[in-house]
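Let me begin by presenting the structure, written as structure tokens, before commenting on it.
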Amino acid sequence: MSTLKYKVAAGPEGYLPPAAASCGIVLPEKGEALIEGAIVPEEEAMLEIVKKLQNASNPVFFPGPLLLWDWKEGVREKAKEVKEFADLMDARIIPMPDYRPKYPMINPEIEINPNHPNLTIWHNQIDVCVFIGVHCHYANVALKIVRGGTDCYTIALCAEMGHEDAMISLRDVGLQKIKALKEIAVKLKKGGQG
Amino acid sequence: MIKQQEVTPDILFSSEEKQDMFITGSEAVKEAVKRANVDIAISYPITPQSESMHLVGDLYAQGYIDEYLRGENELAVMSEVAGASMGGVRVFTATGGPGTLRAFEMFSTWSGARLPIVCAFLTRGLNSPLTIQPDNLEMAHVLDTGMLMLHAENAQDLYDMLLRAFIVAEMPDVHIPIGVFADGFFVTHTRDKIQVDSEDIKLPKYNPYNSPVPAIDMENVPVRLMRDPFVMKSNFISYAAHASWQQEVLAAVERSRRYLNKYLGGLTEVTHEGAEIMVLASGTAVSQSREAIEQARNEGIDAGLIKLKCLRPFPVEEINNALKTAKAVVIPEFNRVGWLFREVKAALQKEIHVIGAPRVFGGMTMPVELILDEIRRCHNV
């Protein structure tokens, strides 16, 4: 493991970049978040997420199965909030409905697959994206491939502990945090400071 | 069966209500599994082996485990264990020696599929002529499977490590298999005084819905028996996906450090920090090393001990810190290849005299004098 501080910046980083966790990046504790590999207070990351989305030319949300399927209490409400947040940010939604490799290939216009995420990003010229509701293993695999091969800025809104390979990562994201992000977005749109 | 109450891991691990027992390592396995809220245990009770899985079978008969079955061989057992874990239940098994190698294909499959299986490896000799005696050569083979690896010094370690292994392995950001290794016969077949937790408490149930991969059930469509088989497609992007997948398993190993530090009190344990000559050991070699160091110190030699509790992730930083001022390190091992010596050599960040000796194998015991001789030789250089 390198002792130099590794920065999780937008790519393309190279042929086969390492996983950020193997370069000394650690996941945040409760109340904290990650911005480009550095631990920051959660509020700072939330403000940065909204700014990144607001300034993007083609922001896209990638909702995964944990948000797309009504599999437990509260998911429907959370999905509704996420949709409203995406609308507020003028972001498109391209779903990640499942994790199967698609043969002969996926249609990058309408879906994203964790094993070929760069195809969707290249095809749609996405400059900022948000992963939400994707099982952590698949999110990590996809985020690393995106960072390796594209210049897309990645944001992960994770219901568990977060993702080192996203440029901005929030943890424990439930209904209340999506609402808080919406509130920040509304304030910024009105010219406030979040 | 005693009625058990589920408590949080922190409560169970910090419980002061302990009971003394004079038991074998195999019985310590049973005591740990009894408190681990295991859903299913699967065994191939090869004879001769340790009696661990027989005793776990007794737990099933008593009602502590929901399901228990025997596979037709070790590969079958480890495959069935994978299926159970993919189904989202807490599963336990044990193996050792030739059984480990017969099952070997599955260990990388477990980690690649992100299955938090806990397996006790009660090590014994591998090669012909057949031996049932202690030798931990099989650990060299497991080092690069993507599993977490703990190495118990004695029955107390085995009990403590097994219980904690379930919780570390099941963390959503870790979620990979964990092997708890103990040197067979020395630990499994001999009695030791250990402290166990109250019988009426147990770990909370495993929650598969926090898993980083979907559990197989009818609520998670589409049901998939395999994690995505990239082998079916030959192009750069499939290769890159597979490579990233492997990197993610390594990342999960790295993430386990914070939990292992919390629940094991560190990946290493250092005695006489800053000593001129350090002995670095894992498993039962630690006990002999401890005795050798005390004798060396009585002779006026400045010797210390680094006990490795964890081999994956490998405690690179901890070892380098512990050897900062040492002029030599002695590494005794119960195998002929010296896998721990190789690991340490690769991890060292400064020039230091590394002695890959003594090594005993094939069931031989390790007299304290052999370690003491190496310490004396280093001292006299």
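Residues in the structure tokens are named by chain (A, B, ... in the order shown) and by number from 1 within that chain; ligands are numbered from 1 in the order shown.
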message: At a cut-off of 7 Å, using only C-alpha atoms, what residues contact stretch 171-186 of chain B? Leave out same-chain residues fewer than 5 positions from it and give the result as number ranges by chain.
response: A: 161; B: 110-111, 114-124, 133-136, 147-153, 158, 161-162, 165, 210-212, 252-253, 255-256, 283-284
query: What's the 8 Å shell around stretch 289-303 of chain B, counting only C-alpha atoms, without same-chain residues fewer than 3 positions away, as number ranges by chain?
result: B: 272, 275-279, 281, 285-286, 332, 368-369, 371-372, 375-376, 379
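Minimum distance to chain A across B:Arg35, B:Lys30, B:Arg257, B:Arg164 (counting only C-alpha atoms) occurs at B:Arg257.
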Closest contacts (chain A/chain B, max 6 Å, only C-alpha atoms) as a tab-separated table:
residue	atom	partner	partner_atom	distance
A:Ala19	CA	B:Gln247	CA	5.9
A:Ala21	CA	B:Ala251	CA	5.1
A:Ser22	CA	B:Ala251	CA	5.4
A:Asn115	CA	B:Ala241	CA	5.3
A:His135	CA	B:Pro212	CA	4.9
A:Cys136	CA	B:Pro212	CA	4.4
A:His137	CA	B:Pro212	CA	4.8
A:Val141	CA	B:Ser244	CA	5.6
Please, could you write that set of residues out with C-alpha atoms as a PDB file, in the first residue's frame?
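This went into again32.pdb:
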ATOM      1  CA  ALA A  19      -9.435   0.263  -5.996  1.00  0.00           C
ATOM      2  CA  ALA A  21      -9.545   1.213  -0.637  1.00  0.00           C
ATOM      3  CA  SER A  22      -6.290  -0.507  -1.578  1.00  0.00           C
ATOM      4  CA  ASN A 115     -20.018  -4.405 -15.831  1.00  0.00           C
ATOM      5  CA  HIS A 135     -25.902  -3.020  -4.210  1.00  0.00           C
ATOM      6  CA  CYS A 136     -22.512  -1.964  -2.836  1.00  0.00           C
ATOM      7  CA  HIS A 137     -20.373  -4.560  -4.622  1.00  0.00           C
ATOM      8  CA  VAL A 141     -17.098  -2.308  -9.533  1.00  0.00           C
TER       9      VAL A 141
END
Strand (DSSP E or B) per DSSP on the backbone: members of stretch 25-192 of chain A, as a PyMOL selection string: chain A and resi 32-35+38-41+59-63+92-93+128-132+153-157+168-170
message: Taking the DSSP secondary structure from the backbone, can you list the residues of stretch 65-171 of chain A that are helix (DSSP H, G or I), as number ranges by chain?
response: A: 65-68, 75-88, 117-124, 136-149
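From atom CA of B:Ala328 back to atom CA of B:Cys378, the distance works out to 6.6 Å.
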task: Name all residues at most 9 Å from stretch 164-166 of chain A (count only C-alpha atoms; drop same-chain ones fewer than 6 positions away) and give them as an MDAnalysis selection string.
output: chainID A and resid 8:10 19:21 25:28 34:37 131 139:141 143:144 147 153:156
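Interatomic distance, atom CA of B:Gln288 to atom CA of B:Gly363: 15.3 Å.
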task: For A:Leu66, list every protein, DNA or RNA residue within 10 Å, evaluated using only C-alpha atoms, and leave out those in the same chain fewer than 6 positions away; present the list as a list of chain:residue names.
output: A:Lys72, A:Val75, A:Ala79, A:Met96, A:Pro97, A:Asp98, A:Ile132, A:Gly133, A:Val134, A:His135, A:Ala159, B:Tyr209, B:Pro214, B:Asn220
- prompt: Counting only C-alpha atoms, which of A:Ala180, A:Pro17, A:Glu84, A:Glu42 gets nearest to A:Glu29?
  reply: A:Glu42
query: Which polymer residues have any atom within 7 Å of an atom of stretch 48-57 of chain B, counting only C-alpha atoms, with same-chain residues fewer than 5 positions away left out, as a VMD selection string?
result: chain B and resid 26 to 27 29 to 30 43 68 94 132 188
Can you tell me, as a PDB file with C-alpha atoms, in the first residue's frame, what residues are no more than 9 Å from B:Ile352 when counting only C-alpha atoms, ignoring any on the same chain fewer than 5 positions away?
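Output contents, as saved in part.pdb:
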ATOM      1  CA  LEU B 323      10.582  -3.796  13.990  1.00  0.00           C
ATOM      2  CA  ALA B 326      15.149  -4.234  15.949  1.00  0.00           C
ATOM      3  CA  LYS B 327      18.339  -5.539  14.376  1.00  0.00           C
ATOM      4  CA  ALA B 328      17.000  -9.047  13.702  1.00  0.00           C
ATOM      5  CA  VAL B 329      13.735 -10.943  13.520  1.00  0.00           C
TER       6      VAL B 329
END
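Between atom CA of B:Val81 and atom CA of B:Gly97 there is a distance of 18.4 Å.
Distance annotation: of A:Cys152, A:Lys190, A:Leu181, A:Pro65, the residue with the minimal separation from A:Leu47 is A:Leu181; atom set is only C-alpha atoms.
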